[in-house]
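Coordinates from work.txt are shown below (compact mmCIF, C-alpha atoms and all ligand atoms).
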```
# COMPACT_ATOMS: atom_id res chain seq x y z
CA MET A 163 -152.27 115.21 63.36
CA GLY A 164 -151.62 115.96 67.03
CA LYS A 165 -148.32 116.38 68.85
CA ALA A 166 -148.53 112.76 69.89
CA ASN A 167 -146.64 111.66 66.79
CA ILE A 168 -144.16 114.47 66.27
CA ILE A 169 -140.42 114.45 66.91
CA THR A 170 -137.87 117.17 66.34
CA ILE A 171 -134.72 116.48 64.36
CA ASP A 172 -132.17 119.30 64.26
CA ASP A 173 -134.92 121.73 65.33
CA ASN A 174 -137.39 120.73 62.60
CA ASN A 175 -140.63 118.87 63.34
CA PHE A 176 -141.48 115.55 61.69
CA THR A 177 -144.35 113.12 62.08
CA PHE A 178 -143.64 109.48 62.79
CA ASN A 179 -145.45 106.14 62.64
CA SER A 180 -145.61 103.61 65.45
CA ASP A 181 -142.92 101.38 63.91
CA ASP A 182 -140.49 104.21 63.04
CA THR A 183 -136.93 104.51 64.31
CA ILE A 184 -135.08 107.83 64.38
CA LEU A 185 -133.18 106.68 61.28
CA SER A 186 -136.29 105.81 59.30
CA VAL A 187 -137.85 109.21 59.99
CA ALA A 188 -134.58 110.92 59.05
CA GLN A 189 -134.19 108.95 55.82
CA ARG A 190 -137.77 109.59 54.82
CA ASN A 191 -137.15 113.31 55.18
CA ASN A 192 -133.72 113.34 53.47
CA ILE A 193 -131.80 114.03 56.66
CA ASP A 194 -128.37 112.49 56.37
CA ILE A 195 -127.44 110.19 59.24
CA PRO A 196 -124.51 108.04 58.08
CA THR A 197 -124.53 104.30 58.75
CA LEU A 198 -122.37 101.37 57.69
CA CYS A 199 -124.47 98.49 59.01
CA HIS A 200 -128.05 99.47 58.23
CA LEU A 201 -129.59 97.73 55.22
CA LYS A 202 -132.90 98.92 53.87
CA ASN A 203 -135.84 96.52 54.26
CA THR A 204 -134.06 94.34 56.83
CA THR A 205 -134.18 94.33 60.63
CA PRO A 206 -131.66 96.68 62.25
CA THR A 207 -128.45 95.30 63.74
CA GLY A 208 -126.99 98.38 65.44
CA THR A 209 -123.45 97.05 65.07
CA CYS A 210 -121.45 99.86 63.50
CA ASN A 211 -122.35 102.72 65.90
CA ILE A 212 -121.82 105.32 63.17
CA CYS A 213 -125.43 106.51 63.29
CA MET A 214 -125.15 107.76 66.89
CA VAL A 215 -127.34 110.78 67.62
CA GLU A 216 -127.96 112.93 70.69
CA ILE A 217 -131.35 113.10 72.39
CA LYS A 218 -132.08 116.14 74.51
CA GLY A 219 -132.10 115.16 78.19
CA SER A 220 -130.37 111.84 77.65
CA PRO A 221 -126.80 111.48 78.98
CA ASP A 222 -125.76 108.89 76.40
CA LEU A 223 -125.82 108.94 72.62
CA VAL A 224 -128.09 106.36 70.98
CA THR A 225 -127.98 104.51 67.67
CA ALA A 226 -130.56 106.06 65.34
CA CYS A 227 -131.18 102.74 63.56
CA THR A 228 -132.37 100.90 66.67
CA THR A 229 -133.99 103.67 68.72
CA ALA A 230 -137.75 103.93 68.44
CA THR A 231 -139.27 107.36 68.12
CA SER A 232 -141.43 108.81 70.88
CA ALA A 233 -143.57 111.92 71.05
CA GLY A 234 -141.69 115.11 71.81
CA MET A 235 -138.25 113.54 71.30
CA GLN A 236 -135.63 116.14 70.34
CA VAL A 237 -132.85 114.65 68.26
CA TYR A 238 -129.54 116.21 67.22
CA THR A 239 -127.69 114.52 64.38
CA ALA A 240 -124.59 116.68 64.14
CA SER A 241 -123.77 118.03 67.62
CA LYS A 242 -120.14 118.19 68.76
CA LYS A 243 -120.66 115.08 70.87
CA VAL A 244 -122.10 113.20 67.89
CA ILE A 245 -119.27 114.23 65.55
CA ASN A 246 -116.61 113.24 68.11
CA SER A 247 -118.29 109.87 68.58
CA ARG A 248 -118.37 109.24 64.82
CA ARG A 249 -114.73 110.22 64.47
CA ASP A 250 -113.74 107.81 67.27
CA THR A 251 -115.77 104.99 65.73
CA ILE A 252 -114.32 105.55 62.26
CA LYS A 253 -110.81 105.66 63.68
CA SER A 254 -111.30 102.43 65.57
CA MET A 255 -112.68 100.74 62.42
CA LEU A 256 -109.72 101.90 60.37
CA TYR A 257 -107.33 100.62 63.02
CA SER A 258 -109.14 97.32 63.40
CA GLY A 259 -108.02 95.95 60.04
CA ASN A 260 -106.17 96.44 56.80
CA HIS A 261 -107.34 99.94 55.97
CA ASN A 262 -104.12 101.38 54.70
CA CYS A 263 -105.62 103.51 51.98
CA ALA A 264 -104.05 106.82 51.17
CA ILE A 265 -106.35 108.74 53.46
CA ARG A 266 -103.46 108.54 55.92
CA ASP A 267 -101.71 111.15 53.80
CA PHE A 268 -104.47 113.55 52.95
CA ASP A 269 -103.67 117.20 53.34
CA THR A 270 -106.45 118.78 51.35
CA LYS A 271 -110.11 119.21 52.08
CA ASP A 272 -111.08 118.80 48.44
CA TRP A 273 -111.78 115.14 47.55
CA THR A 274 -111.12 115.50 43.82
CA GLU A 275 -107.96 117.48 44.39
CA PHE A 276 -106.81 114.80 46.79
CA GLN A 277 -107.51 112.01 44.30
CA LEU A 278 -105.51 113.83 41.63
CA LYS A 279 -102.66 114.28 44.07
CA VAL A 280 -102.54 110.54 44.74
CA LEU A 281 -102.64 109.88 41.00
CA ASP A 282 -99.76 112.33 40.42
CA GLU A 283 -97.68 110.53 42.99
CA ASP A 284 -98.33 107.29 41.13
CA LYS A 285 -99.30 105.40 44.26
CA THR A 286 -102.26 103.71 42.66
CA ASP A 287 -100.71 100.23 42.49
CA ASP A 288 -100.53 100.02 46.26
CA LEU A 289 -104.08 101.15 46.77
CA CYS A 290 -106.90 99.00 48.07
CA PRO A 291 -109.00 97.54 45.20
CA VAL A 292 -112.05 99.52 46.27
CA TRP A 293 -110.18 102.80 46.71
CA GLY A 294 -112.56 105.58 45.72
CA ASN A 295 -115.60 103.32 46.04
CA CYS A 296 -115.71 102.60 49.76
CA GLU A 297 -118.21 103.89 52.30
CA LEU A 298 -115.70 103.76 55.16
CA GLN A 299 -113.17 105.73 53.16
CA ASP A 300 -115.85 108.29 52.27
CA LEU A 301 -116.70 108.70 55.96
CA ALA A 302 -113.03 108.93 56.94
CA TYR A 303 -112.61 111.71 54.43
CA ARG A 304 -115.84 113.43 55.42
CA TYR A 305 -114.92 113.42 59.12
CA GLN A 306 -111.21 113.96 58.39
CA VAL A 307 -110.01 110.86 60.20
CA THR A 308 -106.60 109.58 59.17
CA THR A 309 -105.34 106.01 59.33
CA ARG A 310 -102.26 104.65 61.04
CA LYS A 311 -98.76 105.12 59.64
CA GLU A 312 -97.35 101.99 61.28
CA PRO A 313 -97.63 98.59 59.52
CA ILE A 314 -100.98 96.83 59.48
CA PRO A 315 -101.14 93.82 61.82
CA GLU A 316 -101.46 90.52 59.97
CA CYS A 317 -104.99 89.18 59.69
CA LYS A 318 -105.67 85.89 61.43
CA TYR A 319 -107.88 84.74 58.56
CA PRO A 320 -106.35 84.42 55.07
CA THR A 321 -108.12 85.85 52.04
CA GLU A 322 -110.43 83.28 50.42
CA ARG A 323 -110.30 82.84 46.63
CA ALA A 324 -111.71 79.32 46.48
CA ASN A 325 -114.52 80.15 44.04
CA PRO A 326 -114.50 82.02 40.74
CA PHE A 327 -116.94 84.75 41.83
CA ILE A 328 -116.37 86.23 45.27
CA ILE A 329 -113.10 87.10 47.01
CA ARG A 330 -113.40 87.33 50.80
CA ASP A 331 -110.75 89.60 52.33
CA PHE A 332 -111.24 89.22 56.06
CA SER A 333 -108.51 91.77 56.78
CA ARG A 334 -110.84 94.52 55.55
CA CYS A 335 -114.06 93.26 57.14
CA ILE A 336 -115.51 95.72 59.67
CA LEU A 337 -118.05 93.15 60.93
CA CYS A 338 -120.96 95.41 60.10
CA GLY A 339 -123.17 92.38 59.36
CA ARG A 340 -124.77 93.79 56.20
CA CYS A 341 -123.77 90.66 54.25
CA VAL A 342 -125.48 88.45 56.84
CA LYS A 343 -128.67 90.51 56.63
CA ALA A 344 -128.58 90.42 52.83
CA CYS A 345 -128.06 86.66 52.75
CA ARG A 346 -130.64 85.84 55.43
CA GLU A 347 -133.35 88.45 55.06
CA VAL A 348 -133.15 89.56 51.42
CA GLN A 349 -132.12 86.38 49.58
CA VAL A 350 -133.22 84.03 52.39
CA ASN A 351 -130.26 81.72 51.74
CA ASN A 352 -128.91 81.55 55.31
CA ALA A 353 -125.43 80.71 54.04
CA ILE A 354 -123.39 83.00 56.32
CA ASP A 355 -123.44 84.25 59.90
CA PHE A 356 -121.25 85.76 62.61
CA GLY A 357 -118.88 83.12 63.98
CA TYR A 358 -116.39 82.83 66.83
CA ASN A 359 -118.10 85.20 69.22
CA LYS A 360 -115.45 86.95 71.27
CA SER A 361 -117.34 86.50 74.50
CA ASN A 362 -117.37 82.70 74.13
CA SER A 363 -113.89 81.96 72.86
CA LYS A 364 -110.49 83.47 72.30
CA GLU A 365 -111.07 83.56 68.58
CA ILE A 366 -111.68 86.81 66.75
CA THR A 367 -115.20 87.25 65.35
CA LYS A 368 -115.46 86.38 61.67
CA ILE A 369 -118.27 86.10 59.15
CA ILE A 370 -118.39 82.38 58.49
CA ALA A 371 -120.12 80.21 55.90
CA GLY A 372 -121.63 77.02 57.31
CA ASN A 373 -119.27 75.58 59.86
CA ASP A 374 -116.51 77.95 58.73
CA VAL A 375 -115.96 76.40 55.33
CA THR A 376 -115.31 78.21 52.07
CA LEU A 377 -118.29 79.72 50.24
CA ARG A 378 -117.78 77.06 47.58
CA ASP A 379 -118.38 74.30 50.12
CA SER A 380 -121.33 76.00 51.84
CA ASP A 381 -125.00 76.60 51.04
CA CYS A 382 -124.01 79.77 49.15
CA VAL A 383 -125.66 80.05 45.74
CA PHE A 384 -123.39 82.92 44.64
CA CYS A 385 -126.19 85.39 44.15
CA GLY A 386 -123.68 88.11 45.11
CA GLU A 387 -126.16 90.06 47.24
CA CYS A 388 -123.55 90.20 50.01
CA VAL A 389 -120.96 91.70 47.65
CA GLN A 390 -123.39 94.40 46.59
CA VAL A 391 -124.06 95.55 50.16
CA CYS A 392 -120.55 95.28 51.63
CA PRO A 393 -119.54 98.87 52.42
CA VAL A 394 -115.78 98.22 52.22
CA GLY A 395 -113.34 96.02 50.30
CA ALA A 396 -114.03 92.82 52.23
CA LEU A 397 -116.17 91.20 49.52
CA ILE A 398 -115.02 91.84 45.98
CA THR A 399 -114.82 90.20 42.58
CA GLU A 400 -111.89 89.60 40.25
CA LYS A 401 -113.18 92.36 38.00
CA THR A 402 -112.64 94.87 40.83
CA PHE A 403 -108.90 94.46 40.28
CA GLU A 404 -109.21 95.13 36.55
CA LYS A 405 -110.88 98.46 37.19
CA GLN A 406 -108.74 101.50 36.54
CA LYS A 407 -108.87 103.76 39.53
CA PHE A 408 -109.97 107.34 39.05
CA ILE A 409 -111.58 106.62 35.67
CA LYS A 410 -115.24 107.00 36.39
CA LEU A 411 -117.44 104.00 35.77
CA GLU A 412 -120.34 104.65 33.44
CA LYS A 413 -123.70 103.40 34.67
CA THR A 414 -126.39 102.07 32.33
CA ARG A 415 -129.80 100.98 33.62
CA THR A 416 -131.10 97.98 31.71
CA THR A 417 -133.16 94.78 31.92
CA CYS A 418 -131.48 91.44 32.56
CA SER A 419 -131.80 89.18 29.54
CA TYR A 420 -131.29 85.82 31.26
CA CYS A 421 -134.92 85.01 32.00
CA GLY A 422 -138.41 86.43 31.80
CA VAL A 423 -138.52 87.95 35.30
CA GLY A 424 -137.20 91.22 33.89
CA CYS A 425 -134.86 92.20 36.75
CA GLN A 426 -133.69 95.80 36.60
CA MET A 427 -129.94 96.15 36.73
CA ASP A 428 -127.23 98.80 36.61
CA VAL A 429 -124.34 97.84 34.34
CA TYR A 430 -121.06 99.60 35.17
CA THR A 431 -118.59 99.97 32.31
CA GLN A 432 -115.14 101.40 31.90
CA ASN A 433 -113.56 101.91 28.48
CA ASN A 434 -116.57 100.13 26.99
CA LYS A 435 -115.96 97.01 29.13
CA ILE A 436 -118.35 95.70 31.76
CA ILE A 437 -116.71 95.87 35.20
CA ASP A 438 -119.65 95.28 37.49
CA ILE A 439 -123.39 94.61 37.49
CA GLN A 440 -125.61 95.53 40.43
CA GLY A 441 -129.30 95.25 41.09
CA ALA A 442 -130.92 98.62 40.43
CA ASP A 443 -132.54 100.73 43.15
CA ASN A 444 -134.02 98.57 45.94
CA GLU A 445 -137.45 100.16 45.50
CA LEU A 446 -137.69 99.14 41.85
CA PRO A 447 -139.80 96.06 40.98
CA PRO A 448 -139.66 93.24 40.17
CA ASN A 449 -136.31 92.48 41.82
CA ASN A 450 -136.05 95.36 44.33
CA GLY A 451 -132.27 95.58 43.93
CA SER A 452 -131.50 91.84 44.02
CA LEU A 453 -130.06 89.68 41.23
CA CYS A 454 -129.27 85.99 40.81
CA VAL A 455 -125.85 84.52 40.05
CA LYS A 456 -126.38 84.68 36.28
CA GLY A 457 -127.58 88.26 36.13
CA ARG A 458 -124.85 89.52 38.43
CA PHE A 459 -121.79 87.57 37.35
CA ALA A 460 -122.35 85.94 33.96
CA PHE A 461 -121.46 88.84 31.71
CA ASP A 462 -118.12 87.74 30.25
CA PHE A 463 -119.93 86.54 27.13
CA VAL A 464 -120.52 90.16 26.12
CA ALA A 465 -116.84 90.69 25.30
CA SER A 466 -115.99 87.05 24.56
CA PRO A 467 -113.75 86.57 21.50
CA GLU A 468 -115.77 83.40 20.78
CA ARG A 469 -118.95 85.38 20.28
CA LEU A 470 -120.40 85.36 16.76
CA THR A 471 -120.26 88.86 15.38
CA THR A 472 -121.04 88.11 11.75
CA PRO A 473 -123.73 85.80 10.37
CA LEU A 474 -122.66 82.40 9.03
CA ILE A 475 -124.26 80.73 6.02
CA LYS A 476 -123.74 77.01 5.35
CA LYS A 477 -122.35 76.56 1.87
CA ASN A 478 -121.32 73.12 0.62
CA GLY A 479 -121.55 71.73 4.14
CA THR A 480 -119.39 74.35 5.89
CA PHE A 481 -120.27 77.64 7.54
CA GLU A 482 -118.98 80.73 5.81
CA GLU A 483 -119.08 84.31 7.05
CA SER A 484 -121.53 86.58 5.25
CA THR A 485 -122.92 90.08 5.50
CA TRP A 486 -126.12 90.83 7.41
CA ASP A 487 -127.84 91.87 4.19
CA GLU A 488 -126.98 88.56 2.52
CA ALA A 489 -128.11 86.53 5.56
CA LEU A 490 -131.39 88.43 5.96
CA GLU A 491 -132.19 88.18 2.25
CA LEU A 492 -131.54 84.43 2.34
CA VAL A 493 -133.80 83.92 5.38
CA ALA A 494 -136.58 86.09 3.91
CA SER A 495 -136.52 84.31 0.54
CA ARG A 496 -136.51 80.83 2.13
CA LEU A 497 -139.43 81.75 4.44
CA ASN A 498 -141.29 83.14 1.46
CA SER A 499 -140.76 80.10 -0.69
CA ILE A 500 -141.80 77.70 2.12
CA LYS A 501 -144.93 79.79 2.72
CA ASN A 502 -145.78 79.77 -1.00
CA GLU A 503 -145.20 76.04 -1.35
CA SER A 504 -146.82 74.77 1.88
CA GLY A 505 -148.96 77.60 3.28
CA PRO A 506 -148.40 79.95 6.22
CA ASP A 507 -149.11 77.31 8.87
CA SER A 508 -146.16 75.27 7.68
CA GLN A 509 -144.01 77.73 9.62
CA GLY A 510 -143.78 78.65 13.29
CA VAL A 511 -141.78 80.94 15.55
CA LEU A 512 -140.31 79.99 18.92
CA THR A 513 -139.27 82.95 21.06
CA SER A 514 -136.99 83.03 24.04
CA ALA A 515 -136.75 84.00 27.68
CA ARG A 516 -133.32 85.40 26.82
CA ILE A 517 -134.88 88.39 25.13
CA THR A 518 -137.06 91.17 26.49
CA ASN A 519 -140.86 91.32 26.52
CA GLU A 520 -140.70 93.94 23.80
CA GLU A 521 -138.62 91.69 21.55
CA ASN A 522 -141.01 88.78 22.22
CA TYR A 523 -143.87 91.08 21.26
CA ILE A 524 -142.15 91.98 18.00
CA ALA A 525 -141.61 88.25 17.28
CA GLN A 526 -145.33 87.49 17.65
CA LYS A 527 -146.14 90.46 15.42
CA PHE A 528 -143.71 89.06 12.84
CA ALA A 529 -145.36 85.61 13.03
CA ARG A 530 -148.92 86.90 12.76
CA ALA A 531 -148.55 89.94 10.49
CA VAL A 532 -145.69 88.86 8.22
CA LEU A 533 -145.72 85.06 8.15
CA LYS A 534 -149.55 85.09 8.59
CA THR A 535 -149.55 82.22 11.10
CA ASN A 536 -150.60 81.87 14.71
CA ASN A 537 -147.82 79.33 15.25
CA ILE A 538 -146.00 81.43 17.83
CA ASP A 539 -144.77 80.03 21.13
CA HIS A 540 -142.15 80.56 23.82
CA CYS A 541 -139.29 78.39 25.08
CA ALA A 542 -140.67 78.55 28.63
CA ARG A 543 -143.40 76.05 27.60
CA LEU A 544 -140.99 73.46 26.21
S1 LIG B 601 -111.61 99.00 52.52
FE1 LIG B 601 -112.01 101.18 52.29
S2 LIG B 601 -111.13 102.12 54.13
FE2 LIG B 601 -110.25 100.06 53.92
S3 LIG B 601 -108.36 100.33 52.78
FE3 LIG B 601 -109.96 99.87 51.29
S4 LIG B 601 -110.66 101.89 50.62
FE4 LIG B 601 -109.57 102.20 52.53
S1 LIG B 602 -123.49 85.09 47.53
FE1 LIG B 602 -125.67 85.06 48.15
S2 LIG B 602 -125.96 83.04 49.08
FE2 LIG B 602 -123.74 83.39 48.99
S3 LIG B 602 -123.20 84.28 50.98
FE3 LIG B 602 -123.58 85.99 49.57
S4 LIG B 602 -125.75 86.51 49.85
FE4 LIG B 602 -125.43 84.46 50.73
S1 LIG B 603 -117.93 91.16 54.75
FE1 LIG B 603 -118.51 93.29 54.34
S2 LIG B 603 -120.72 93.36 54.69
FE2 LIG B 603 -119.96 91.49 55.66
S3 LIG B 603 -119.57 92.04 57.78
FE3 LIG B 603 -117.64 92.29 56.67
S4 LIG B 603 -117.61 94.43 56.03
FE4 LIG B 603 -119.71 93.96 56.62
```

Render the structure in this file as structure tokens.
Amino acid sequence: MGKANIITIDDNNFTFNSDDTILSVAQRNNIDIPTLCHLKNTTPTGTCNICMVEIKGSPDLVTACTTATSAGMQVYTASKKVINSRRDTIKSMLYSGNHNCAIRDFDTKDWTEFQLKVLDEDKTDDLCPVWGNCELQDLAYRYQVTTRKEPIPECKYPTERANPFIIRDFSRCILCGRCVKACREVQVNNAIDFGYNKSNSKEITKIIAGNDVTLRDSDCVFCGECVQVCPVGALITEKTFEKQKFIKLEKTRTTCSYCGVGCQMDVYTQNNKIIDIQGADNELPPNNGSLCVKGRFAFDFVASPERLTTPLIKKNGTFEESTWDEALELVASRLNSIKNESGPDSQGVLTSARITNEENYIAQKFARAVLKTNNIDHCARL
């Protein structure tokens, strides 16, 4: 490889491809350039200005996410000018909305120590629902930018709670546009967009659904992709409020059981209760980080008090609770007697898209090896 496709980032050489931006080369080589608007596998927006970097010989900083690489380019990701720019941008974001989190009070450079201090002072009730899980807050802490002490100005747009899934808190929206990218380019639903452009009207820019209606009355299908990518507390769910701050969520990687696609998901639990479900890693097939409305939101059944936890056997016309051993013995003996009376092909097994491939495999093994029949089918063909 010649010098024609080499750039320097923080004095180290890296090769680039013709469609690379500075950010893509940096990310590929594990160089940390923070960003709040960039969303992997979508076209860049360049709205947040956090990813500013310095190019040798250029008087102005440039956004790494939108600047194409060119041979011999020398990029600096953490110069004094870059850091000052990031601090100014973070400050202006914090001041632009309801970002009253306790970072205004921090007096320690240790994040954990700071969290414990807030907990000791019992201020947690007043804290933002995403406190401790917010990319803007992380950056504010990292660059030691404090928020205002004076009261937050009232937001022109009231919080929307018109649907059971997604709460839209416009007072915390930083207009990064990630939700729009996720809706348009990842899910291809085109339900939301930037509205009320400042240059055309006196209105303040807002992410709108349809003609500025509620999500419930728009083309939104409640896939929740926008919630997953929102870097702050502008898009949240009811469950976010139930979460206990400072108690770490436990993450379990698993397969969605709603259909046969086999989407990979991360289930977040706290005190053995599901708080959140997110699409796993956006490089992981088959769903590449996306989920549908069922996989993402329909998990209340797991802890539902109406869920059957013991088997029921019908005795004298009514269902009575039994033990698993009693239920399994009853099923095995009935299957046996039917097979003996009418032959193996008098029985059949229907499996389900609600279970995993492995469980479906076991079911067909059970039909063929135990019941001795090839009568095995799947609900997807009904
Ligand atoms: S959205 Fe983030 S930065 Fe804003 S108040 Fe909440 S935690 Fe703080
Ligand atoms: S929930 Fe899905 S369809 Fe609705 S606005 Fe968000 S990304 Fe678009
Ligand atoms: S709702 Fe969230 S993702 Fe969408 S523009 Fe606002 S801050 Fe960004």

For atom CA of Cys213 of chain A and atom CA of Trp293 of chain A, the interatomic separation in Å (one decimal): 22.8 Å

Nearest to ligand LIG 603 (chain B) by atom-to-atom distance, counting all atoms listed in the file, from A:Val375, A:Ile354, A:Ile500, A:Cys341: A:Cys341

Residues within 10 Å of ligand LIG 601 (chain B), counting only C-alpha atoms and all ligand atoms, as number ranges by chain: A: 252, 255-266, 289-303, 309, 331, 333-336, 392-397

Expected file: the selected residues, C-alpha atoms, as an mmCIF file, keeping the file's coordinate frame:
```cif
data_model
loop_
_atom_site.group_PDB
_atom_site.id
_atom_site.type_symbol
_atom_site.label_atom_id
_atom_site.label_comp_id
_atom_site.auth_asym_id
_atom_site.auth_seq_id
_atom_site.Cartn_x
_atom_site.Cartn_y
_atom_site.Cartn_z
ATOM 1 C CA ILE A 252 -114.320 105.550 62.260
ATOM 2 C CA MET A 255 -112.680 100.740 62.420
ATOM 3 C CA LEU A 256 -109.720 101.900 60.370
ATOM 4 C CA TYR A 257 -107.330 100.620 63.020
ATOM 5 C CA SER A 258 -109.140 97.320 63.400
ATOM 6 C CA GLY A 259 -108.020 95.950 60.040
ATOM 7 C CA ASN A 260 -106.170 96.440 56.800
ATOM 8 C CA HIS A 261 -107.340 99.940 55.970
ATOM 9 C CA ASN A 262 -104.120 101.380 54.700
ATOM 10 C CA CYS A 263 -105.620 103.510 51.980
ATOM 11 C CA ALA A 264 -104.050 106.820 51.170
ATOM 12 C CA ILE A 265 -106.350 108.740 53.460
ATOM 13 C CA ARG A 266 -103.460 108.540 55.920
ATOM 14 C CA LEU A 289 -104.080 101.150 46.770
ATOM 15 C CA CYS A 290 -106.900 99.000 48.070
ATOM 16 C CA PRO A 291 -109.000 97.540 45.200
ATOM 17 C CA VAL A 292 -112.050 99.520 46.270
ATOM 18 C CA TRP A 293 -110.180 102.800 46.710
ATOM 19 C CA GLY A 294 -112.560 105.580 45.720
ATOM 20 C CA ASN A 295 -115.600 103.320 46.040
ATOM 21 C CA CYS A 296 -115.710 102.600 49.760
ATOM 22 C CA GLU A 297 -118.210 103.890 52.300
ATOM 23 C CA LEU A 298 -115.700 103.760 55.160
ATOM 24 C CA GLN A 299 -113.170 105.730 53.160
ATOM 25 C CA ASP A 300 -115.850 108.290 52.270
ATOM 26 C CA LEU A 301 -116.700 108.700 55.960
ATOM 27 C CA ALA A 302 -113.030 108.930 56.940
ATOM 28 C CA TYR A 303 -112.610 111.710 54.430
ATOM 29 C CA THR A 309 -105.340 106.010 59.330
ATOM 30 C CA ASP A 331 -110.750 89.600 52.330
ATOM 31 C CA SER A 333 -108.510 91.770 56.780
ATOM 32 C CA ARG A 334 -110.840 94.520 55.550
ATOM 33 C CA CYS A 335 -114.060 93.260 57.140
ATOM 34 C CA ILE A 336 -115.510 95.720 59.670
ATOM 35 C CA CYS A 392 -120.550 95.280 51.630
ATOM 36 C CA PRO A 393 -119.540 98.870 52.420
ATOM 37 C CA VAL A 394 -115.780 98.220 52.220
ATOM 38 C CA GLY A 395 -113.340 96.020 50.300
ATOM 39 C CA ALA A 396 -114.030 92.820 52.230
ATOM 40 C CA LEU A 397 -116.170 91.200 49.520
#
```

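Neighbours of Ser452 of chain A closer than or equal to 12 Å, with all atoms listed in the file counted and sequence neighbours fewer than 6 positions away skipped, come out as Ala344, Cys345, Glu347, Val348, Gln349, Val350, Cys385, Gly386, Glu387, Cys388, Val389, Gln390, Val391, Cys418, Val423, Gly424, Cys425, Gln426, Met427, Asp428, Ile439, Gln440, Gly441, Ala442, Asp443, Asn444, Glu445, Leu446 and Arg458 of chain A.
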
Protein and nucleic acid residues near (-107.8, 86.8, 58.5) (cut-off 6 Å, all atoms listed in the file) as a ChimeraX atom specification: /A:317-320,332-333

If you keep C-alpha atoms, can you produce a file of those selected residues as a PDB file, in the frame of the given file?
```pdb
ATOM      1  CA  CYS A 317    -104.990  89.180  59.690  1.00  0.00           C
ATOM      2  CA  LYS A 318    -105.670  85.890  61.430  1.00  0.00           C
ATOM      3  CA  TYR A 319    -107.880  84.740  58.560  1.00  0.00           C
ATOM      4  CA  PRO A 320    -106.350  84.420  55.070  1.00  0.00           C
ATOM      5  CA  PHE A 332    -111.240  89.220  56.060  1.00  0.00           C
ATOM      6  CA  SER A 333    -108.510  91.770  56.780  1.00  0.00           C
TER       7      SER A 333
END
```

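Considering the residues A:Thr229, A:Asn174, A:Asn203, A:Thr209 and counting only C-alpha atoms and all ligand atoms, ligand LIG 603 (chain B) has its shortest atom-to-atom contact with A:Thr209.
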
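With distances taken over all atoms listed in the file, A:Ala188 is the one residue among A:Ile212, A:Ile314, A:Leu201, A:Ala188 lying closest to Val237 of chain A.
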
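Of the residues under consideration (A:Arg330, A:Arg323, A:Arg249, A:Lys401), A:Arg330 shows the shortest atom-to-atom contact distance to ligand LIG 603 (chain B) when counting all atoms listed in the file.
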
Gln189 of chain A: which residues within 12 Å, counting only C-alpha atoms, same-chain residues fewer than 5 positions away excluded, as an mmCIF file with C-alpha atoms, keeping the file's coordinate frame?
```cif
data_model
loop_
_atom_site.group_PDB
_atom_site.id
_atom_site.type_symbol
_atom_site.label_atom_id
_atom_site.label_comp_id
_atom_site.auth_asym_id
_atom_site.auth_seq_id
_atom_site.Cartn_x
_atom_site.Cartn_y
_atom_site.Cartn_z
ATOM 1 C CA ILE A 171 -134.720 116.480 64.360
ATOM 2 C CA PHE A 176 -141.480 115.550 61.690
ATOM 3 C CA PHE A 178 -143.640 109.480 62.790
ATOM 4 C CA ASP A 182 -140.490 104.210 63.040
ATOM 5 C CA THR A 183 -136.930 104.510 64.310
ATOM 6 C CA ILE A 184 -135.080 107.830 64.380
ATOM 7 C CA ASP A 194 -128.370 112.490 56.370
ATOM 8 C CA ILE A 195 -127.440 110.190 59.240
ATOM 9 C CA PRO A 196 -124.510 108.040 58.080
ATOM 10 C CA THR A 197 -124.530 104.300 58.750
ATOM 11 C CA HIS A 200 -128.050 99.470 58.230
ATOM 12 C CA LYS A 202 -132.900 98.920 53.870
ATOM 13 C CA CYS A 213 -125.430 106.510 63.290
ATOM 14 C CA ALA A 226 -130.560 106.060 65.340
ATOM 15 C CA CYS A 227 -131.180 102.740 63.560
#
```

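Our summary of the geometry notes that atom S4 of ligand LIG 602 (chain B) is positioned 21.1 Å from atom CA of Asp462 of chain A.
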
Residue nearest ligand LIG 603 (chain B) among A:Asp173, A:Gly234, A:Lys242, A:Ile398 (counting all atoms listed in the file): A:Ile398

Nearest-residue call for Asn522 of chain A, choices A:Ser419, A:Leu453, A:Asp181, A:Leu470, using all atoms listed in the file: A:Ser419

Long-range neighbours of Ile169 of chain A as a ChimeraX atom specification, 7 Å cut-off, only C-alpha atoms, 4 positions minimum in chain: /A:175-177,232-236

Keeping only C-alpha atoms, write the selected residues as a PDB file, keeping the file's coordinate frame.
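Saved file out-v6.pdb follows:
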```
ATOM      1  CA  ASN A 175    -140.630 118.870  63.340  1.00  0.00           C
ATOM      2  CA  PHE A 176    -141.480 115.550  61.690  1.00  0.00           C
ATOM      3  CA  THR A 177    -144.350 113.120  62.080  1.00  0.00           C
ATOM      4  CA  SER A 232    -141.430 108.810  70.880  1.00  0.00           C
ATOM      5  CA  ALA A 233    -143.570 111.920  71.050  1.00  0.00           C
ATOM      6  CA  GLY A 234    -141.690 115.110  71.810  1.00  0.00           C
ATOM      7  CA  MET A 235    -138.250 113.540  71.300  1.00  0.00           C
ATOM      8  CA  GLN A 236    -135.630 116.140  70.340  1.00  0.00           C
TER       9      GLN A 236
END
```

One-decimal distance in Å that lies between atom CA of Ile217 of chain A and atom CA of Asn179 of chain A: 18.5 Å

Output, as lines of an AutoDock Vina configuration file, the centre and edge lengths in Å (one decimal) of the axis-aligned box that contains all listed atoms of ligand LIG 603 (chain B) with 8 Å of margin on each side.
```
center_x = -119.2
center_y = 92.8
center_z = 56.1
size_x = 19.1
size_y = 19.3
size_z = 19.4
```
